$ cat coords.tsv   # TSV, C-alpha atoms
chain	number	residue	atom	x	y	z
A	24	MET	CA	44.78	-46.17	-18.44
A	25	SER	CA	46.92	-43.05	-17.92
A	26	ALA	CA	48.09	-41.02	-20.91
A	27	ILE	CA	49.81	-37.77	-21.80
A	28	HIS	CA	48.37	-35.64	-24.61
A	29	SER	CA	49.86	-32.71	-26.46
A	30	TYR	CA	48.24	-29.29	-26.07
A	31	LEU	CA	49.35	-26.57	-28.51
A	32	THR	CA	48.85	-22.84	-27.99
A	33	PHE	CA	48.48	-20.50	-30.95
A	34	ASN	CA	48.16	-16.77	-31.36
A	35	GLY	CA	44.96	-16.47	-33.36
A	36	ASN	CA	45.54	-19.23	-35.93
A	37	CYS	CA	44.45	-22.30	-33.95
A	38	ARG	CA	41.59	-23.10	-36.35
A	39	GLU	CA	43.95	-22.98	-39.34
A	40	ALA	CA	46.61	-25.10	-37.63
A	41	MET	CA	44.27	-27.75	-36.23
A	42	THR	CA	42.48	-28.04	-39.59
A	43	PHE	CA	45.90	-28.55	-41.20
A	44	TYR	CA	46.73	-31.29	-38.67
A	45	GLN	CA	43.38	-32.96	-39.35
A	46	GLN	CA	44.16	-32.94	-43.09
A	47	CYS	CA	47.55	-34.52	-42.33
A	48	LEU	CA	46.54	-37.03	-39.65
A	49	GLY	CA	42.82	-37.60	-40.19
A	50	GLY	CA	40.33	-37.90	-37.36
A	51	GLU	CA	37.49	-35.87	-35.88
A	52	LEU	CA	38.08	-32.20	-35.05
A	53	VAL	CA	35.96	-30.24	-32.56
A	54	PHE	CA	36.23	-26.51	-31.78
A	55	GLN	CA	34.83	-24.37	-28.99
A	56	THR	CA	35.12	-20.63	-29.54
A	57	ILE	CA	35.34	-18.07	-26.79
A	58	GLY	CA	32.02	-16.67	-28.03
A	59	THR	CA	30.21	-19.95	-27.27
A	60	SER	CA	31.71	-20.30	-23.79
A	61	PRO	CA	30.92	-18.76	-20.38
A	62	LEU	CA	34.05	-16.60	-20.86
A	63	SER	CA	32.27	-14.72	-23.64
A	64	GLU	CA	30.81	-12.14	-21.24
A	65	LYS	CA	34.18	-11.43	-19.61
A	66	LEU	CA	36.37	-10.99	-22.69
A	67	PRO	CA	36.46	-8.31	-25.41
A	68	LYS	CA	34.15	-8.75	-28.41
A	69	LYS	CA	37.17	-9.03	-30.74
A	70	MET	CA	38.08	-12.33	-29.04
A	71	LYS	CA	34.72	-14.08	-29.62
A	72	ASP	CA	35.90	-15.97	-32.74
A	73	LEU	CA	39.14	-17.19	-31.17
A	74	ILE	CA	39.41	-20.86	-30.24
A	75	LEU	CA	39.10	-21.53	-26.53
A	76	HIS	CA	39.64	-25.28	-26.95
A	77	SER	CA	39.96	-27.74	-29.81
A	78	THR	CA	40.47	-31.48	-29.92
A	79	LEU	CA	41.60	-33.65	-32.83
A	80	THR	CA	40.94	-37.35	-32.16
A	81	ASN	CA	41.93	-40.27	-34.36
A	82	GLY	CA	41.95	-43.49	-32.35
A	83	ASN	CA	44.65	-43.16	-29.69
A	84	LEU	CA	45.98	-39.97	-31.28
A	85	ILE	CA	44.70	-36.91	-29.39
A	86	LEU	CA	45.98	-33.41	-30.14
A	87	MET	CA	44.49	-30.37	-28.42
A	88	GLY	CA	44.92	-26.67	-29.08
A	89	SER	CA	43.81	-23.16	-28.19
A	90	ASP	CA	44.27	-19.50	-29.10
A	91	MET	CA	44.55	-18.61	-25.42
A	92	ALA	CA	48.15	-17.34	-25.54
A	93	PRO	CA	49.46	-15.75	-22.35
A	94	GLU	CA	49.68	-11.95	-22.15
A	95	THR	CA	53.46	-12.30	-22.39
A	96	GLY	CA	53.03	-13.88	-25.83
A	97	LEU	CA	54.26	-17.17	-27.25
A	98	THR	CA	57.86	-18.29	-27.29
A	99	ARG	CA	58.53	-21.13	-29.72
A	100	GLY	CA	61.66	-23.07	-28.98
A	101	ASN	CA	63.26	-26.38	-29.64
A	102	ALA	CA	62.76	-27.84	-26.17
A	103	VAL	CA	59.50	-29.68	-26.96
A	104	SER	CA	58.63	-32.00	-29.85
A	105	LEU	CA	55.47	-33.89	-30.71
A	106	VAL	CA	56.22	-37.58	-31.23
A	107	LEU	CA	54.11	-39.59	-33.68
A	108	ASN	CA	54.51	-43.35	-33.51
A	109	SER	CA	53.17	-44.77	-36.74
A	110	GLY	CA	51.60	-48.14	-37.41
A	111	SER	CA	52.97	-48.55	-40.94
A	112	LYS	CA	55.69	-47.45	-43.34
A	113	LYS	CA	53.09	-45.97	-45.71
A	114	GLU	CA	51.45	-43.99	-42.90
A	115	ILE	CA	54.70	-42.49	-41.60
A	116	LYS	CA	55.77	-41.44	-45.11
A	117	ASP	CA	52.37	-39.85	-45.71
A	118	TRP	CA	52.44	-37.99	-42.35
A	119	TYR	CA	56.00	-36.76	-42.95
A	120	LYS	CA	55.18	-35.41	-46.41
A	121	LYS	CA	51.99	-33.66	-45.26
A	122	LEU	CA	53.33	-32.22	-41.98
A	123	SER	CA	56.52	-30.88	-43.58
A	124	ALA	CA	54.60	-29.06	-46.36
A	125	GLY	CA	55.31	-25.35	-45.92
A	126	GLY	CA	57.67	-26.12	-43.05
A	127	GLN	CA	61.17	-27.53	-42.82
A	128	ALA	CA	62.21	-31.17	-43.11
A	129	THR	CA	64.99	-31.15	-40.51
A	130	HIS	CA	65.80	-34.87	-40.50
A	131	PRO	CA	64.71	-37.07	-43.44
A	132	LEU	CA	62.93	-40.34	-42.76
A	133	GLN	CA	65.58	-43.04	-42.64
A	134	PRO	CA	66.32	-46.34	-40.92
A	135	ASN	CA	68.13	-45.88	-37.62
A	136	PHE	CA	70.32	-48.03	-35.40
A	137	TRP	CA	67.42	-48.87	-33.05
A	138	GLY	CA	65.56	-50.52	-35.94
A	139	ALA	CA	63.03	-47.79	-36.63
A	140	LEU	CA	62.22	-45.60	-39.59
A	141	PHE	CA	62.67	-42.16	-38.02
A	142	GLY	CA	62.59	-38.51	-39.08
A	143	GLY	CA	62.04	-35.00	-37.81
A	144	LEU	CA	60.51	-31.78	-39.07
A	145	THR	CA	59.28	-28.35	-38.08
A	146	ASP	CA	55.81	-27.62	-39.47
A	147	LYS	CA	54.64	-24.33	-40.96
A	148	PHE	CA	53.34	-23.27	-37.54
A	149	GLY	CA	56.77	-23.68	-35.90
A	150	ASN	CA	55.95	-26.91	-34.05
A	151	HIS	CA	58.59	-29.65	-33.91
A	152	TRP	CA	57.62	-33.24	-34.78
A	153	LEU	CA	59.49	-36.53	-34.44
A	154	LEU	CA	58.05	-39.43	-36.46
A	155	ASN	CA	58.87	-43.03	-35.63
A	156	TYR	CA	57.86	-46.37	-37.16
A	157	THR	CA	59.13	-49.62	-35.70
A	158	LYS	CA	58.02	-52.75	-37.54
A	159	GLY	CA	56.30	-54.94	-34.97
$ encode --input "coords.tsv" --output "structure tokens"
Amino acid sequence: MSAIHSYLTFNGNCREAMTFYQQCLGGELVFQTIGTSPLSEKLPKKMKDLILHSTLTNGNLILMGSDMAPETGLTRGNAVSLVLNSGSKKEIKDWYKKLSAGGQATHPLQPNFWGALFGGLTDKFGNHWLLNYTKG
């Protein structure tokens, strides 16, 4: 089965962010640092503790991240959002509360015309999230 997964890039705080997402969403979190990769010999010593790749997996939910920001730096904008489709009303409320902590609740969870409980937020790392629950 084909799938699209979200891959987030951070500027030195990938471990902190992905740990936060694990606390919010649950699942298994795996990190690979630059120091434990073949790139270790080619990059400055100060980069050894940075995250080369991380994966948070909880069932079908897969979120990946890295500290490998481009030399031009990161530009956070509002053109991309992470969409979480929830399996229950309790779960979506819990995710919304946890992900918005320290961030900004931009659109409160509320019933919408398409029959879903829907809301939006920007988390404390500047990432935009859209949460959706449609009773099946």
$ closest_residue --input "coords.tsv" --among "A:Gln133, A:Asn81, A:Asn155, A:Asn150" --to "Ala102 in chain A" --atoms "all atoms listed in the file"
A:Asn150
$ axis_aligned_box --input "coords.tsv" --around "range 121-125 of chain A" --padding-each-side "4 Å" --output "lines of an AutoDock Vina configuration file"
center_x = 54.3
center_y = -29.5
center_z = -44.2
size_x = 12.5
size_y = 16.3
size_z = 12.4
$ residues_around --input "coords.tsv" --residues "Gln127 in chain A" --least-positions-apart "5" --cutoff "7 Å" --atoms "all atoms listed in the file" --output "ChimeraX atom specification"
/A:144-146
$ write_last_selection --input "coords.tsv" --atoms "C-alpha atoms" --output "PDB file, in the frame of the given file"
ATOM      1  CA  LEU A 144      60.510 -31.780 -39.070  1.00  0.00           C
ATOM      2  CA  THR A 145      59.280 -28.350 -38.080  1.00  0.00           C
ATOM      3  CA  ASP A 146      55.810 -27.620 -39.470  1.00  0.00           C
TER       4      ASP A 146
END
$ atom_distance --input "coords.tsv" --atom1 "CA of Cys37 in chain A" --atom2 "CA of Leu66 in chain A"
17.9 Å
$ atom_distance --input "coords.tsv" --atom1 "CA of Phe141 in chain A" --atom2 "CA of Asn83 in chain A"
19.9 Å
$ closest_residue --input "coords.tsv" --among "A:Ser89, A:Lys147, A:Trp152, A:Thr80" --to "Ala124 in chain A" --atoms "all atoms listed in the file"
A:Lys147
$ closest_residue --input "coords.tsv" --among "A:Gly50, A:Gly100, A:Gly110, A:Gly142" --to "Leu154 in chain A" --atoms "all atoms listed in the file"
A:Gly142
$ residues_around --input "coords.tsv" --residues "Pro93 in chain A" --least-positions-apart "5" --cutoff "12 Å" --atoms "all atoms listed in the file" --output "VMD selection string"
chain A and resid 32 to 35 98
$ closest_residue --input "coords.tsv" --among "A:Lys120, A:Leu107, A:Ala128, A:Ala139" --to "Leu153 in chain A" --atoms "only C-alpha atoms"
A:Leu107
$ closest_residue --input "coords.tsv" --among "A:Arg38, A:Arg99, A:Lys158, A:Lys113" --to "Asp72 in chain A" --atoms "only C-alpha atoms"
A:Arg38
$ residues_around --input "coords.tsv" --residues "Ile74 in chain A" --least-positions-apart "4" --cutoff "9 Å" --atoms "all atoms listed in the file" --output "PyMOL selection string"
chain A and resi 35-38+54-58+70+88-91
$ atom_distance --input "coords.tsv" --atom1 "CA of Thr157 in chain A" --atom2 "CA of Met41 in chain A"
26.4 Å
$ residues_around --input "coords.tsv" --residues "Ala26 in chain A" --least-positions-apart "3" --cutoff "12 Å" --atoms "all atoms listed in the file" --output "ChimeraX atom specification"
/A:29,83-85
$ residues_around --input "coords.tsv" --residues "Gly49 in chain A" --least-positions-apart "4" --cutoff "12 Å" --atoms "only C-alpha atoms" --output "MDAnalysis selection string"
chainID A and resid 41:45 79:82 84:86 114 117:118 121:122
$ decode --input "coords.tsv" --residues "range 60-77 of chain A" --atoms "N, CA, C and O atoms" --output "CSV table (one decimal), in the first residue's frame"
chain,number,residue,atom,x,y,z
A,60,SER,N,26.5,7.5,12.7
A,60,SER,CA,26.3,7.2,11.2
A,60,SER,C,27.6,7.3,10.5
A,60,SER,O,28.6,7.9,11.0
A,61,PRO,N,27.6,6.8,9.2
A,61,PRO,CA,28.8,7.0,8.4
A,61,PRO,C,29.2,8.4,8.1
A,61,PRO,O,30.3,8.7,7.8
A,62,LEU,N,28.2,9.4,8.3
A,62,LEU,CA,28.5,10.8,8.1
A,62,LEU,C,29.4,11.4,9.2
A,62,LEU,O,30.0,12.4,9.0
A,63,SER,N,29.6,10.6,10.3
A,63,SER,CA,30.3,11.1,11.4
A,63,SER,C,31.7,11.6,11.1
A,63,SER,O,32.2,12.6,11.6
A,64,GLU,N,32.4,10.9,10.2
A,64,GLU,CA,33.8,11.2,9.8
A,64,GLU,C,33.8,12.4,8.9
A,64,GLU,O,34.9,13.1,8.9
A,65,LYS,N,32.8,12.8,8.2
A,65,LYS,CA,32.8,13.9,7.3
A,65,LYS,C,32.3,15.2,7.8
A,65,LYS,O,32.4,16.2,7.2
A,66,LEU,N,31.7,15.2,9.0
A,66,LEU,CA,31.1,16.4,9.6
A,66,LEU,C,31.8,16.8,10.8
A,66,LEU,O,32.4,16.0,11.5
A,67,PRO,N,31.7,18.1,11.2
A,67,PRO,CA,32.4,18.6,12.4
A,67,PRO,C,32.0,17.9,13.6
A,67,PRO,O,30.8,17.5,13.8
A,68,LYS,N,32.9,17.8,14.6
A,68,LYS,CA,32.6,17.2,15.9
A,68,LYS,C,31.4,17.8,16.6
A,68,LYS,O,30.7,17.1,17.2
A,69,LYS,N,31.2,19.1,16.5
A,69,LYS,CA,30.1,19.7,17.2
A,69,LYS,C,28.7,19.2,16.7
A,69,LYS,O,27.7,19.4,17.3
A,70,MET,N,28.7,18.5,15.5
A,70,MET,CA,27.4,18.0,15.0
A,70,MET,C,27.1,16.6,15.4
A,70,MET,O,26.0,16.1,15.1
A,71,LYS,N,28.0,15.9,16.1
A,71,LYS,CA,27.9,14.5,16.4
A,71,LYS,C,26.6,14.2,17.2
A,71,LYS,O,26.0,13.1,17.0
A,72,ASP,N,26.1,15.1,18.0
A,72,ASP,CA,24.9,14.8,18.8
A,72,ASP,C,23.6,15.2,18.1
A,72,ASP,O,22.5,14.9,18.7
A,73,LEU,N,23.7,15.8,17.0
A,73,LEU,CA,22.5,16.2,16.3
A,73,LEU,C,21.8,15.0,15.7
A,73,LEU,O,22.5,13.9,15.4
A,74,ILE,N,20.5,15.1,15.5
A,74,ILE,CA,19.7,13.9,15.0
A,74,ILE,C,19.8,13.9,13.5
A,74,ILE,O,19.4,14.8,12.8
A,75,LEU,N,20.3,12.8,12.9
A,75,LEU,CA,20.3,12.6,11.5
A,75,LEU,C,19.0,12.2,11.0
A,75,LEU,O,18.4,12.6,10.0
A,76,HIS,N,18.3,11.2,11.8
A,76,HIS,CA,17.0,10.7,11.4
A,76,HIS,C,16.3,10.2,12.7
A,76,HIS,O,16.9,9.6,13.5
A,77,SER,N,15.0,10.5,12.8
A,77,SER,CA,14.2,10.0,13.8
A,77,SER,C,12.9,9.5,13.2
A,77,SER,O,12.4,10.1,12.2
